[in-house]
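Quick notes on the structure that follows.
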Amino acid sequence: MYKIIFFTFLLLISVIDIQSQIKAPVLREISFNISIKNINGKPYYAKEKEQYVFDDVYEILIKEKEPDYTNANHLIGITSDFKEHGRFIKGYKNGLWRTTYKNKLVKTENWNNGLIFGKYEVYNTVGTLIYRTNFGKKGNGNYKDFYYKESILRQEGDYLNGKKEGEWCDYDQQGSLLKTTYYKKGIPFKK
């Protein structure tokens with residue numbers, strides 16, 4: 001009887017020891033300025049003014065300023081309740097990325113080495129689905145993003161082979177057109 005209790009105790013200690021050695025993926029929080037550059041038509045992320053390239057799982061704290069992926073720097077830091085969560089591989093988004101507002105899901109998107117593909121969904125801040133599409137394996141389709149609190153269209157355009165293509169429009173929170181940018185294979189150009 002004592003042998004059974006002793007071996008059960010040893011087994012329990014072994015299981016606990018093994019579980020303590022299994023580590024959850026490290027989530028690194030980005031709360032400093034980063035640079036998003038357009039490299040070969042794909043958004044590339046690195047620490048601003050340094051050679052540090054993101055290559056792990058991160059949580060990005062988004063400032064109110066909307067991103068501009070035309071080779072301009074985009075500042076990211078602690079000024080809003082919006083966060084992006086996902087993995088980078090050598091500076092490019094890879095895998096499932098989630099955007100949250102006060103820990104509520106507002107957007108999911110899939111990336112493969114900086115190219116968008118697969119399912120894409122946008123919700124408002126109360127959890128109602130606003131837009132859903134599937135870019136498929138090749139990354140083709142119509143993209144729409146919204147001001148999540150108001151459910152008003154913020155940006156729209158098309159992806160071709162995972163990169164921005166053609167006319168992309170940005171709107172203000174009242175739905176008025178702010179600017180139009182044209183892309184060829186993900187690279188902006190003047191028309």
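Going through the structure tokens in order, the chains are called A, B, and so on, while each chain numbers its residues from 1 and the ligands are numbered from 1 in the order shown.
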
Q: Write out as JSON, numbers by chain the residues lying within 12 Å of A:Leu177, counting only C-alpha atoms and excluding same-chain residues fewer than 6 positions away.
A: {"A": [152, 153, 154, 155, 156, 168, 169, 170, 171]}

Go ahead and dump the residues you just picked, N, CA, C and O atoms, as a JSON list (two decimals), in the first residue's frame.
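This is the output file out34.json:
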[["chain", "number", "residue", "atom", "x", "y", "z"],
["A", 152, "ILE", "N", -18.12, 52.78, -39.16],
["A", 152, "ILE", "CA", -18.04, 53.58, -40.39],
["A", 152, "ILE", "C", -16.79, 53.17, -41.16],
["A", 152, "ILE", "O", -15.72, 52.99, -40.57],
["A", 153, "LEU", "N", -16.93, 53.03, -42.48],
["A", 153, "LEU", "CA", -15.83, 52.62, -43.33],
["A", 153, "LEU", "C", -14.64, 53.57, -43.18],
["A", 153, "LEU", "O", -14.79, 54.79, -43.26],
["A", 154, "ARG", "N", -13.46, 53.01, -42.91],
["A", 154, "ARG", "CA", -12.22, 53.77, -42.73],
["A", 154, "ARG", "C", -11.30, 53.66, -43.95],
["A", 154, "ARG", "O", -10.66, 54.61, -44.36],
["A", 155, "GLN", "N", -11.25, 52.44, -44.52],
["A", 155, "GLN", "CA", -10.34, 52.21, -45.66],
["A", 155, "GLN", "C", -10.88, 51.06, -46.50],
["A", 155, "GLN", "O", -11.44, 50.11, -45.97],
["A", 156, "GLU", "N", -10.69, 51.17, -47.82],
["A", 156, "GLU", "CA", -11.07, 50.06, -48.70],
["A", 156, "GLU", "C", -10.15, 50.03, -49.91],
["A", 156, "GLU", "O", -9.61, 51.03, -50.33],
["A", 168, "TRP", "N", -6.92, 52.65, -53.53],
["A", 168, "TRP", "CA", -7.23, 52.49, -52.12],
["A", 168, "TRP", "C", -7.71, 53.83, -51.58],
["A", 168, "TRP", "O", -7.07, 54.86, -51.80],
["A", 169, "CYS", "N", -8.84, 53.81, -50.88],
["A", 169, "CYS", "CA", -9.44, 55.04, -50.36],
["A", 169, "CYS", "C", -9.46, 55.03, -48.84],
["A", 169, "CYS", "O", -9.77, 54.01, -48.21],
["A", 170, "ASP", "N", -9.12, 56.18, -48.25],
["A", 170, "ASP", "CA", -9.18, 56.38, -46.80],
["A", 170, "ASP", "C", -10.26, 57.41, -46.51],
["A", 170, "ASP", "O", -10.35, 58.44, -47.21],
["A", 171, "TYR", "N", -11.06, 57.16, -45.47],
["A", 171, "TYR", "CA", -12.19, 58.01, -45.11],
["A", 171, "TYR", "C", -12.05, 58.50, -43.68],
["A", 171, "TYR", "O", -11.44, 57.82, -42.84]]

(Q) Here is a test: counting only C-alpha atoms, which residue of A:Glu167, A:Asp145, A:Asp55, A:Glu150 is nearest to A:Gly186? (A) A:Glu167

Q: Within 7 Å of stretch 90-100 of chain A, counting only C-alpha atoms, which residues show up once you throw out same-chain ones fewer than 3 positions away? Write them as a list in words, please.
A: Pro43, Tyr44, Tyr45, Ala46, Val53, Phe54, Asp55, Phe82, Lys83, Glu84, His85, Gly86, Arg87, Asn103, Lys104, Leu105, Val106, Lys107, Thr108, Glu109, Asn110, Trp111, Asn112, Asn113 and Gly114 of chain A

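With only C-alpha atoms as the atoms that count, the residue of A:Tyr58, A:Tyr183, A:Tyr101, A:Tyr159 with the shortest distance to A:Val122 is A:Tyr101.
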
**Q.** Residues of stretch 107-157 of chain A in strand (DSSP E), written as a VMD selection string
**A.** chain A and resid 107 to 112 115 to 123 129 to 134 141 to 147 152 to 157

(Q) When you look at A:Phe135 with a cut-off of 6 Å (counting only C-alpha atoms), what residues show up, excluding the ones that are within fewer than 2 positions of it in the same chain? I need them as a PyMOL selection string. (A) chain A and resi 117-118+139-141

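Across the structure, atom CA of A:Lys184 and atom CA of A:Leu115 are spaced 14.2 Å apart.
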
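Proximity of A:Asn40, A:Gln173, A:Ser35, A:Asn142 to A:Lys185, computed with only C-alpha atoms, is greatest for A:Asn40.
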
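You will find atom CA of A:Glu59 at 15.4 Å from atom CA of A:Ile36.
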